[in-house]
Structures are given as structure tokens and as C-alpha cells.
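Student: Quick one: structure below, then a few questions.
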Amino acid sequence: MWEIISKLYPICRSITGNGTRETLRIIGQHIPLDIHEVPSGTKVFDWTVPQEWNIKDAFIKNAQGQRIVDFAQSNLHVMSYSIPFEGKLSLDELKSHLFTLPDHPDWIPYRTSYYKEDWGFCLTHHQLDEMSDPEYEVSVESSLMQGHLSYGECFIPGQTEDEILVSCHVCHPSLCNDNLSGIAVSVSLARQMSQSRKYSYRFLFIPGTIGSITWLALNEKQTPRIKHGVVITGVGDRGPFTYKKTRRGDAEIDRAFSHVLKHSEDSSQVIDFQPYGYDERQFCSPGFNLPVGCVMRTPFGQYPEYHTSADNLDFVQMESLVDSFRKCAEVLNLLEDNAVYVNQNPKCEPQLGKRGLYQSTGGESHKRFDQRALLWVLNLSDGTHDLLDIAERSNYDFETIKDAANLLVKNDLLKPVAPHDGNSRPVCD
Amino acid sequence: MWEIISKLYPICRSITGNGTRETLRIIGQHIPLDIHEVPSGTKVFDWTVPQEWNIKDAFIKNAQGQRIVDFAQSNLHVMSYSIPFEGKLSLDELKSHLFTLPDHPDWIPYRTSYYKEDWGFCLTHHQLDEMSDPEYEVSVESSLMQGHLSYGECFIPGQTEDEILVSCHVCHPSLCNDNLSGIAVSVSLARQMSQSRKYSYRFLFIPGTIGSITWLALNEKQTPRIKHGVVITGVGDRGPFTYKKTRRGDAEIDRAFSHVLKHSEDSSQVIDFQPYGYDERQFCSPGFNLPVGCVMRTPFGQYPEYHTSADNLDFVQMESLVDSFRKCAEVLNLLEDNAVYVNQNPKCEPQLGKRGLYQSTGGESHKRFDQRALLWVLNLSDGTHDLLDIAERSNYDFETIKDAANLLVKNDLLKPVAPHDGNSRPVCD
Amino acid sequence: MWEIISKLYPICRSITGNGTRETLRIIGQHIPLDIHEVPSGTKVFDWTVPQEWNIKDAFIKNAQGQRIVDFAQSNLHVMSYSIPFEGKLSLDELKSHLFTLPDHPDWIPYRTSYYKEDWGFCLTHHQLDEMSDPEYEVSVESSLMQGHLSYGECFIPGQTEDEILVSCHVCHPSLCNDNLSGIAVSVSLARQMSQSRKYSYRFLFIPGTIGSITWLALNEKQTPRIKHGVVITGVGDRGPFTYKKTRRGDAEIDRAFSHVLKHSEDSSQVIDFQPYGYDERQFCSPGFNLPVGCVMRTPFGQYPEYHTSADNLDFVQMESLVDSFRKCAEVLNLLEDNAVYVNQNPKCEPQLGKRGLYQSTGGESHKRFDQRALLWVLNLSDGTHDLLDIAERSNYDFETIKDAANLLVKNDLLKPVAPHDGNSRPVCD
């Protein structure tokens, strides 16, 4: 994960352009990736794919001709989607194009102007303080013209057409937690899920907002196949793991993350859906209402480094990335294994003893735990409870309940409600 | 409000009679009031409109011929509906007709005997203590005969036939909180709602119990028009604002009062329905089950001044009256504005920026609050949530959500589920 | 209750055999009991009725020929269902057949081996410590052969065919709380309910697990008549009364026990259903899902004396037995009296005064409590709430609500939803 992050960090990404294209190319070195190019001007619901933005160079020179703000030093210095500009401005004129963070005078803020034509520079407040020349030379050597919006898609077919969607954004320049951490964890999950499984998997690497809107517009008919989904965002900072529920609030993936986090010893939180955040805004818009949640560590906007140059390689912790990956993988595995079973001997308990599923010498005060798990699965497998329900109600972890179910299936005491062949699978939330 | 209270305070009201008639006449000076006269003997469900009671004078004279208890001094001295009586009684005989409050020896209690023919005097315990003559002369110059039950009705037609009912009782003599406070706030609300609104408004000024039973019996067919209702009782004491829920417990008016009180900084309480209290007992009887709640400050019977001469002009606070009025008016306005809308661009978010509804420079860590309110309204306006739901779920106050909805309607992004013309309106609780 | 317990205590019971037969004979001296004998080999769902086990004598003799472990001293010394055995074993060989409790070196454990042919001895850990001879003589004079499983059934017909089931197990040897306490309370309840009532009553005295499975297999068609049921187990220890809910979790009997325990001043607990415990496991298996709960004091396995010789006559408290009986009887009486009524005057309150149900002099600040109970019953008797609902919602105890309902029935203000004749009765949970 660290390799991909450090390779992607210096690239100047935006919602379109060659930086994003290069990012997708690098991701494609790790997982099979279809790269889509959607022409500028394409109507996507209420939006239009914007012109493609690219930038070569940009600077502010002082009276001595020194580059005091230089795109080459940090791609954050230029407001994303700045239109080309060449000229000399008085300090006062210039100031309306400058953005700083007075509270964090060493940090460069991150600013964009996707849908209003403008140009601007972001700099540290210290840099601004030192500017005292009457006039400055400004150059933004960018281009904004007909082109494409690029996004990547990694589709891993499974035994059914039912899909699990994993989405992350690839539109932020040198920001590490807010962008690269999600990419890294998504890539690792795509590798993990690469062998054929019950579900098909679709990993999206898209520019924020316009990317998910574009994907939804172009793939609208396919969205009913999405049975579960998750947007992966800032998963590398030191904060506790956070899961934000889907708009539905009680989707299977909501229950799955809640279960996994409850049974983890780490501190974590589950928060309710809100219609702001990342691309779950679009997946959970009322016209789609897809069961797509969002994972992060510290929620966006709640850490000062958010959208500043301080969200750098030092800010992201390998330990947090690994933990985020593990928890997501655990949930995906849980969804793979979750199913509704039916007790084949529903009238009274089956005789576990004659099948070797019961200790032979009765009368001990403490039964083996897994035997109780067997009894829970048998008792609740009446066609209305999935294994996750049973785990929740019995207070066992999912793994134990799954093992119990497998043992019972092996002994012909349990059968899945419907075979997972083709298109159909039982819906239980 | 104070003017009407002080004018009404001295009048001897009961469930029928000229005191109540005079009360309605004074109310009619402030708002347009239809006065109804229902003949004694009219069958109203299980009840019968009683004979009309009037009283001219009443006293107890001691051996020296002095009036030691005198109706002219306080109309509480005579038990309401006392039948005419003239005679001399020994102190012992008399005592069975006397009521005092030993725990509050300076206060006169309030007693009635509407449905059992009897006479009685209420006096302070000090007065009783001083009675030591062997015989007393008693006179009750009252009349109980065929007549009418009087009540007042102020109907303000709105744009629809759907009604909001506001009811208060006008049957208590010189009791100030328990009677006059409710009248004063109801009159102010009727004035406030006098311009045409979405709902029609019906304000009832009726004697307690028999009045609401009579009104319901005479207007049974019309009751389905009542979409929301509230009984206003003791709203002038120093206690916190109290809302008692309807029998349904989750009616729109229950949610509205809960919301307004939650967002108020004042201490207040919402209590569950109970089948005792005021006329909500009748409106919420199982055969009607109307969505009628009840507002008060300290619940009846929980303050010692209740039903005594201490519930006087000093007991009622102008500040409490004004606050009660304001909270009720806020709820009525909320009900006027509450509606179900449908997002006209339900697939993904609409592009707020091109409509001037989004700040143009992205990337700031804290969005403007009202923009979030816009997103909440868009996200939840799927035809199943009214604005009050959205306010509750987003934790915004109703006003902010309403403003957001109006802005979205203006931008053609939102439409009400059904136009509020004629009889029909959507029911969302 | 004590008489029956002390008489039954010395008998060596198991899931079959003469000890159980003798136990049923003694129970039959107190209540009318049908004794059923089900042949070994009978298929009962997934199980088979086992061979009948009987035992005459068993011992371990040391080198000096002394009986150092002797069945005659405690029937717990022999593992239940031990097959016949005769022979000399080295101490090491013998040890694999010996069971002790090192943590409670003075207690004899209780062990069974119903479904795996084996023999064994249970002894105190002190006894084991003293065994140092190289060889021991072992004798188990038992028989395991075709025979019968015996159980007792006391059926008390009521006015309807709807049944209340009370079940306890009779398969444990000299264990007092875990076996005899439940038998004693069940016998007392059967005597208490012996006069004709609304419900029919069925009391089962059966061996655990195989007994309930056998009964359910033989009486499957009849099970829909069981409207409420309770398994009575360890109800004699010093612990607080515990009610374990049915698998449904909201059955009428769950609500009834919760209500009775809430209104009792004693400490008590209501716990959720789990698929382990006593015969409620079988009654609540998904193919039956009968509304059968379970009562106990300290839950099984949570007291150290459980399944040891320390669960003896000293461990069981008369006070606990009496309290357990009283609470169960109160619940049975509640179920007898619980019903759905319909207010015959649903529009507005009926005039209670003219029926003598209202104090005639109004205006007092505190109404009589039972009058409020009348109002609650009238207000909620709309055909959807049973009396238990009304008691819960009004926070009155069931008795007060029942008395109020009876008074209203007497005054023609209330009628039961359907007469309780024949087979049909309203279901309200």
C-alpha cells in the first residue's frame, strides 16, 4: 500500500486531466483496470462533464523576478481548474486570488474552482506576510478545453451477477489521507477479492462528485445489481475507524459493519447517514437509494490537516491503512458468507449426539461454546433470519455462527434457502 | 390578554347560565363569535344537557343576622349548581353542606354538584372555625330550570376545509389560571390566525365536559375534517410549558409540539396521553380518537392553588401567558407550513452551483449550514417525509428546513406532493 | 410441597426406569395423573426412545474388600445409564471412569451417559485422593434393555379447549432444586387449578429432553391448542425469581410474567430466550415455536451446587418454593382473566355519575384511583387492547384494571370481544 501511495503522492490530480490519467495508469499496474474516457460536454443527469484541465507551470514572481510561489514546489499552490493567466498585478489586485490559512501559517490550503472560471494561488500565510512588493508577475500556464473525464473500473465477476461496489475518489492532488489512503485500501481489497466469489465486485476509481454522477448516468440500468457498497475515503489518519451508514440505515452492510466493529476490540464508531461527505451522496440520492455506506477514520473536516498541505505522507499511518483494510475485508467476507438457512429438522432439536456434535457425557455445568452456537443456528434458522441476525441475537461473532452453520450443513441438518445460482438471491434486509 | 382576564374574573360562570353568556359576549368583543344555545334536555350521546342554573344571591347569617358567608364577596362561596334553599339549620346540620380546606385555612375551595341536586357553601377554614352559634340562617337564591347551554364558536375559513381545532373551557367562576388563561390565549390565537391560511380554524369556548360532548354530538359528521387540535387549559402559572400528547401518540401535532419544545431553550415537558384532564378526554374518546392534544403549564391538580380562591389574578403571570401563546402560535405556523415535497431531480444531487445555491470556491472545510439544509431536503424529499420529519432527522429547526424547501421550490428542484386545493391533503402520520 | 420433596428425594430417577415410575406413582397420590409408557425403540422425530435402565447395586471395593464407593449411600455415585460391569481394574484403568469436582472436594458430581454405552462412578475428590491401592473391584449391577419411557400427564378440562401447558422434568436422581422443586410447585399449581376454568390445563411430568420430544411427537396435532405454557425448573434456591421469555419474546405469557414481576416488590429478573436450558428448547423449536417460557430462581449452571450432591434438601428453601408457586399462580390467574373488551359507549365518555360510578361532588383535586382505572379501561377498550395492555399503559396493576372492567361490564358499558365458548378465542399478541 505504501508503494502506491508514495508513487501517487507527487502527481497533480484534478477531476480531469493527465494527472488523473497517470494515476489510473499506475493503479492499473496493480490490478486489472478498465479506463473510461467520457467526453467533455456529456450530459450526466443535471450535470455536464466539464472541460479537461491540464497545467504545465504556474508561479508568482516578485519585483526581483524570483518565483515566490511556484507550482513546481507544490501542486497545491495553484487552485485546481485555474484558467490560464499571464500578467502583472498590484499586491491588492493579486490578493483577491490568494488563499492562506492564518490559523496554520505554515500550511498551504487546497482550493478548487471547477464550475466557475477563475484562477488562484494557495500559499502559506507566512509567504503572504512576506509579500510587500507593489507589483507581482503572475503566470498560470494551464489549459481548459474539450477533452475527457477519466475514470478506472476494476470488475471481478463472481458466481452471481449481484455486485458489491467499492468506490474511491482520485481527484485530489498531493493530499494523502483524503485521496491516496482510499485508493491504496481499495487496490488491496481488489487484489484480495480477485478469486471468484459469490458476489461480483466492482471497484471504481473516480473523480469525486462528477465521477460518481457520470458513472451512475452511464450505468443506470445496472445499479439494481448493487446489493452492497462502500465508499472508502480518508482511512489513513490516526483516528478511530468510522463507518457511516447508508441512507436506508438498516441495510445488510450497515448491520455487517456494526457487527464487525462491535466485536473488534479497537475503538470505533458507527454514525448515521448525512447527505454530505463523499460519493455516497450520489449513490444514496433518493432516486437511487443504493445500500452504499462510507468508511473513514476521522470524519472529513474534523481534523485540521483536512484539505491542506499537512495532509501529507507523514500524516498517514501504515497501521491505520492495514487496520482499515482488514476491517473492510472482514465485512466483505462476512457478506460473502451471510445467508439464510432452513433447519431441516425443525420439530424439536435434532439429536446432535448421534452425529458426534454433542459431548457424550452429559451433566457438566458448562457446555462447550460451539455447541451453543449450533443450537442458536438450529433454533433461528426458520427462513427469516440470516446468519448475521443469528450472530447478533446470540451475541456470538459471525465467524462462530458461520462455522456452526457449515457444520450443520455438512450434517444435512441445514440448507440454504435458495441456491446462489444465476441472478437470484434472497433479500433479507 | 390581561384586559380580557381582568374583565372576566369577577363573573360567576358555570356550565350554563348568564355568567357564561356574559363571558361569551365579552369574548365576542375581541373576535367574531357565533353563540350557540342548546336547550336543556337535549340528548347528547350518553348525556343530557342539564337545566340552566342562575344565581342572584346567597348567604349564611349568624345569630346576630350578620352575613358571615356571602356570595357577593366571592362567587366561589356557593357550590356551583346549588339548588334554591331558604331555612334555619343547626350548626351540625349545616356542616354537611360546608366545604373548607383545612390545609390552606385562608383559601376558599371550588365545588360543584352539576348532576346531583344539592346545595352547599365553600368557605375558608378560618371562617368555619369561628362559627359557634347554635343556629344559622341560610339562603340560596338560585334557579335551576329549563333553559340553555351556551357556547361560543369562532370559525375562520381557510384555503381548505381541513380544520385545526382549538378548544378551551368557560365554565369556572372566579378561577384565573384554570379557565381565564386558556380563554385569553385562545382569543389571541384566533386574532393571530384571522387572515386566510391553508387550514380553517375553529376556536371553541365551551363549558368543560358537557360542552365538548354537546359540540361533538351536534357536529359529529364534521369531525373528520379536524386534522389537528389542541385543548388550552391552565397556561398562566409559573410552571414550565407542558404538552400532553393525543391518544394516538404520534399525530402530526404531537411531533410538532415535541419539535418546537425541543428547539426552545426554555424548560418544558411532553407527557403521554391519559384519559383524564380536560376536554381532550372527549375528543380522544375511542369513538372519535381525534388528534387533539392539550397544553398547560403545571398539570392540573399538581399545584395547591388548583380549584381554590388562590387561583386568582395574582397567580397568573403575564410572562407565562405570552410564552404559552408564542409556543402555540409557532406550532400552528409549523402545521401551516409542513408538507411533503418531491425532489424533481432525484437521481444524484442537482448541480446547486449553476443555480447560485453553492459557494463557488470549493475545498473549504466548513460548508455553510443552510447549504446542508438544502441537501437534507433534497435527499429526504422522496414523497414519504414531510418537512417536520426532515427537520427531526437532520436536527435542524423547522424554520431552516422550511426556508431551504422554499428556496428549492423557487429553483424548480422541489414540488409539493399535491396542491392544497379543496378538500384533499396528504396525510403523513 | 415439602412432603412430596422429601418423599421423592431418595429415589434414583433417570430418563427411564422404575425410579421414575415410582416418582410418578407418588405424584399420582396428590393429583389425578395418567401415566404413559412409551416402548423403547419408538421413533420420536430425530430421536429414538432409549432402552430402559434400572439399577440394583453398584460399588467399588478396595484391596481389603471394603466398599469405598457405594450406590447404596448415594445414587449420584453411579453415572446414570451405566451399563452392567463386573471386574478388577488397576487404579489407572479405573480413573478414566471416575468423576470428581476438585474445586468442591466434598461434593459428588452428577453425570449421565444416555446415548453412549459406558459406565462410570462419581465420587468426592477426597474419596479419590484416598485411593492408592493398585487394583479395585468394580461392580455395576444394572440393566439396559427393551422397556418403556414413563411420563405422567394431569389434564384438567376447562370451559374451552385452549390449553395452558405446565411442564417439569422428573429424570434427576437425588437432586433437589433441579428436579424436585419444579415437581412440587407443579403439583401445587395443578391442585390450585383443579376447578373448571376458562382454559384447560395440562401438567406434564416428563424426563428432560427425550420426554418433551416424545410428548410432542405423540401429541403433535394437539399442540395448536397450547395458548400459553411454562416450564418449571429450579424454583427452590435462594436466588431471585427469574422468568425466561418464550422464543417469540412478546407472547401473552411473556407480558404476563413481566407485568406480575414488575408490580411485585421482590427482586426478580426477566431474561431473553436462549436455545439452551430445559424443555422450552423443544417447545420453542422453530417447527413448534410454542409460547412456552421457563421459570426458575438462579439460572441453571450459575450456582455451584448445580448438578452436584450439594443440591440437596438443605439447598432448597420453603420460602422460595412458596414464592415461586404464588407468582406462577398469579400469572395463571391473570391469563384466565385477560381479555379484550369493547367500550359500548365509545363516543365521548359515558356519564359515570348517573350509574353511581362517579363521586357526586366534583371539583376535588384528587379523584379516586379506581375511577381513573375506569376511564383507562373505557378509553382503550376499542377492540385492540387486552386488559394486560391497558394495565401496562396505565401503570395500574392487572387486578385493578380487571376490577374496573368487571364493574363496567356489570353496568353494560363494556362487552368482551367474543364469548369464550367452545374453541375460539381472540388472539391478541
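Each chain in the C-alpha cells gets a letter, A, B and so on, in the order shown; residues start at 1 in every chain, and ligands are counted from 1 in the order they appear.
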Considering only helix (DSSP H, G or I) as DSSP defines it on the backbone, what residues of range 4-75 of chain B qualify? List them as a list in words.

Tutor: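 Listing helix (DSSP H, G or I) positions across range 4-75 of chain B yields Ile4, Ile5, Ser6, Lys7, Leu8, Asn18, Gly19, Thr20, Arg21, Glu22, Thr23, Leu24, Arg25, Ile26, Ile27 and Asn75 of chain B.
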
Student: Can I get the selection written as a tab-separated table (two decimals), in the first residue's frame, with C-alpha atoms?

Tutor:
chain	number	residue	atom	x	y	z
B	4	ILE	CA	-59.86	40.17	28.94
B	5	ILE	CA	-58.77	38.22	32.02
B	6	SER	CA	-59.42	41.03	34.45
B	7	LYS	CA	-62.79	41.77	32.86
B	8	LEU	CA	-63.87	38.13	33.06
B	18	ASN	CA	-75.99	34.09	32.41
B	19	GLY	CA	-72.41	34.33	33.70
B	20	THR	CA	-71.23	32.12	30.86
B	21	ARG	CA	-73.40	34.03	28.42
B	22	GLU	CA	-71.86	37.32	29.59
B	23	THR	CA	-68.40	35.78	29.24
B	24	LEU	CA	-69.09	34.83	25.63
B	25	ARG	CA	-70.42	38.34	24.96
B	26	ILE	CA	-67.13	39.85	26.17
B	27	ILE	CA	-65.07	37.36	24.12
B	75	ASN	CA	-68.78	33.62	43.81

Student: May I have the residues of chain C within 6 Å of chain A, counting only C-alpha atoms, written as a list in words?

Tutor: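 Therefore, the residues near the partner are Asp46, Arg111, Thr112, Ser113, Pro275, Gln282, Ser285, Pro286, Gly287 and Gly301 of chain C.
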
Student: Set the distance at 7 Å and use only C-alpha atoms: which residues neighbour Tyr199 in chain B once local chain neighbours fewer than 2 positions away are removed? I'd like the list as a PyMOL selection string.

Tutor: chain B and resi 158-164+197+201+336

Student: Can you write out the residues you just picked, keeping N, CA and C atoms, as an mmCIF file, in the first residue's frame?

Tutor:
data_model
loop_
_atom_site.group_PDB
_atom_site.id
_atom_site.type_symbol
_atom_site.label_atom_id
_atom_site.label_comp_id
_atom_site.auth_asym_id
_atom_site.auth_seq_id
_atom_site.Cartn_x
_atom_site.Cartn_y
_atom_site.Cartn_z
ATOM 1 N N GLY B 158 -60.328 28.684 5.859
ATOM 2 C CA GLY B 158 -59.009 28.732 5.225
ATOM 3 C C GLY B 158 -59.105 28.301 3.782
ATOM 4 N N GLN B 159 -57.969 28.027 3.188
ATOM 5 C CA GLN B 159 -57.957 27.625 1.778
ATOM 6 C C GLN B 159 -58.463 26.203 1.589
ATOM 7 N N THR B 160 -58.466 25.426 2.648
ATOM 8 C CA THR B 160 -59.022 24.073 2.565
ATOM 9 C C THR B 160 -60.056 23.911 3.673
ATOM 10 N N GLU B 161 -60.817 22.826 3.566
ATOM 11 C CA GLU B 161 -61.799 22.536 4.616
ATOM 12 C C GLU B 161 -61.184 21.809 5.792
ATOM 13 N N ASP B 162 -59.930 21.425 5.639
ATOM 14 C CA ASP B 162 -59.248 20.773 6.758
ATOM 15 C C ASP B 162 -59.124 21.767 7.903
ATOM 16 N N GLU B 163 -59.418 21.271 9.096
ATOM 17 C CA GLU B 163 -59.519 22.186 10.228
ATOM 18 C C GLU B 163 -58.469 21.930 11.290
ATOM 19 N N ILE B 164 -58.107 23.027 11.942
ATOM 20 C CA ILE B 164 -57.388 22.929 13.214
ATOM 21 C C ILE B 164 -58.348 23.406 14.289
ATOM 22 N N ARG B 197 -55.631 31.216 5.706
ATOM 23 C CA ARG B 197 -54.481 30.322 5.735
ATOM 24 C C ARG B 197 -54.851 29.011 5.066
ATOM 25 N N TYR B 201 -59.766 27.334 10.774
ATOM 26 C CA TYR B 201 -59.568 27.283 12.218
ATOM 27 C C TYR B 201 -60.912 27.328 12.921
ATOM 28 N N GLU B 336 -49.074 24.834 9.424
ATOM 29 C CA GLU B 336 -49.414 25.508 8.162
ATOM 30 C C GLU B 336 -48.355 25.226 7.087
#

Student: For Asn177 in chain C, find every residue with an atom within 12 Å (counting only C-alpha atoms), except residues of its own chain fewer than 5 positions away, and show them as a ChimeraX atom specification.

Tutor: /C:2,5-6,8-9,168-170,172,182-185,232-239,296-300,303,305-318,320-321

Student: Pull the strand (DSSP E) assignments for range 58-242 of chain B out of DSSP run on the backbone, and list those residues as number ranges by chain.

Tutor: B: 58-61, 67-70, 85-90, 98-99, 121-122, 135-145, 148-156, 163-169, 200-206, 226-232, 241-242

Student: Would you save the residues of that selection, restricted to C-alpha atoms, as a compact mmCIF listing (two decimals), in the first residue's frame?

Tutor:
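Result went into out-v1.txt, see below:
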# COMPACT_ATOMS: atom_id res chain seq x y z
CA ALA B 58 -76.66 33.53 48.73
CA PHE B 59 -75.51 33.85 52.30
CA ILE B 60 -75.16 32.31 55.70
CA LYS B 61 -76.23 34.61 58.55
CA ARG B 67 -73.71 37.66 56.66
CA ILE B 68 -70.71 35.56 57.64
CA VAL B 69 -70.53 33.83 54.26
CA ASP B 70 -71.64 35.98 51.34
CA PHE B 85 -82.77 26.90 49.66
CA GLU B 86 -84.10 29.01 52.46
CA GLY B 87 -84.01 27.97 56.10
CA LYS B 88 -82.51 27.82 59.55
CA LEU B 89 -80.19 24.98 60.44
CA SER B 90 -78.26 23.95 63.46
CA LEU B 98 -69.93 23.28 54.10
CA PHE B 99 -66.58 22.77 52.37
CA PHE B 121 -71.22 26.69 50.68
CA CYS B 122 -67.46 26.88 50.33
CA GLU B 135 -78.24 28.05 64.55
CA TYR B 136 -77.68 29.80 61.22
CA GLU B 137 -79.91 31.28 58.60
CA VAL B 138 -79.16 30.06 55.11
CA SER B 139 -80.35 31.48 51.81
CA VAL B 140 -79.53 30.33 48.29
CA GLU B 141 -81.42 32.50 45.84
CA SER B 142 -80.73 30.44 42.74
CA SER B 143 -82.79 28.97 39.95
CA LEU B 144 -82.42 25.64 38.15
CA MET B 145 -84.87 25.35 35.27
CA HIS B 148 -79.95 26.55 27.55
CA LEU B 149 -76.31 25.57 27.49
CA SER B 150 -74.37 28.39 25.83
CA TYR B 151 -71.12 28.07 23.94
CA GLY B 152 -69.15 30.20 21.51
CA GLU B 153 -67.55 29.23 18.24
CA CYS B 154 -65.16 31.29 16.15
CA PHE B 155 -64.69 29.77 12.71
CA ILE B 156 -62.05 31.18 10.36
CA GLU B 163 -59.52 22.19 10.23
CA ILE B 164 -57.39 22.93 13.21
CA LEU B 165 -59.46 22.87 16.39
CA VAL B 166 -58.59 24.98 19.43
CA SER B 167 -60.76 24.48 22.46
CA CYS B 168 -60.95 25.98 25.94
CA HIS B 169 -63.43 25.84 28.77
CA SER B 200 -59.58 26.50 8.51
CA TYR B 201 -59.57 27.28 12.22
CA ARG B 202 -62.29 26.53 14.73
CA PHE B 203 -62.00 28.03 18.21
CA LEU B 204 -64.42 26.65 20.78
CA PHE B 205 -65.31 28.41 24.04
CA ILE B 206 -67.34 25.76 25.82
CA ILE B 226 -60.27 18.03 12.19
CA LYS B 227 -56.67 17.30 11.22
CA HIS B 228 -55.06 18.71 14.34
CA GLY B 229 -56.38 20.04 17.60
CA VAL B 230 -55.38 21.34 20.97
CA VAL B 231 -57.16 21.99 24.24
CA ILE B 232 -55.76 25.02 26.04
CA PHE B 241 -44.80 24.63 29.40
CA THR B 242 -46.38 21.17 29.23

Student: Would you list the contacts of range 248-250 of chain B as a PyMOL selection string, taking every protein, DNA or RNA residue within 8 Å and counting only C-alpha atoms, but skipping same-chain residues closer than 4 positions in sequence?

Tutor: chain B and resi 254-255+272-273+289+291+429

Student: Find the spatial neighbours of Ser264 in chain B, counting only C-alpha atoms, within a cut-off of 12 Å - ignore same-chain residues fewer than 6 positions away - and output them as number ranges by chain.

Tutor: B: 240-241, 257-258, 323, 326-327, 330-331, 397-398

Student: Can you tell me how far CA of Gln274 in chain B sits from CA of Gln302 in chain B, in Å to one decimal?

Tutor: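 Separating CA of Gln274 in chain B from CA of Gln302 in chain B is a distance of 14.9 Å.
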
Student: Can you tell me, as a list in words, what residues are no more than 8 Å from Phe325 in chain C when counting only C-alpha atoms, ignoring any on the same chain fewer than 3 positions away?

Tutor: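 The residues satisfying every condition are Val185, Ser188, Leu189, Leu321, Val322, Cys328 and Ala329 of chain C.
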
Student: Give the answer as one residue: which of C:Arg13, C:Arg355, C:Lys43, C:Lys198 has the shortest atom-to-atom distance to Ala217 in chain C, using only C-alpha atoms?

Tutor: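 Going through C:Arg13, C:Arg355, C:Lys43, C:Lys198 one by one, the smallest distance to Ala217 in chain C is for C:Lys43.
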
Student: May I ask for the distance between CA of Val78 in chain A and CA of Gly120 in chain A, given in Å to one decimal place?

Tutor: 6.1 Å
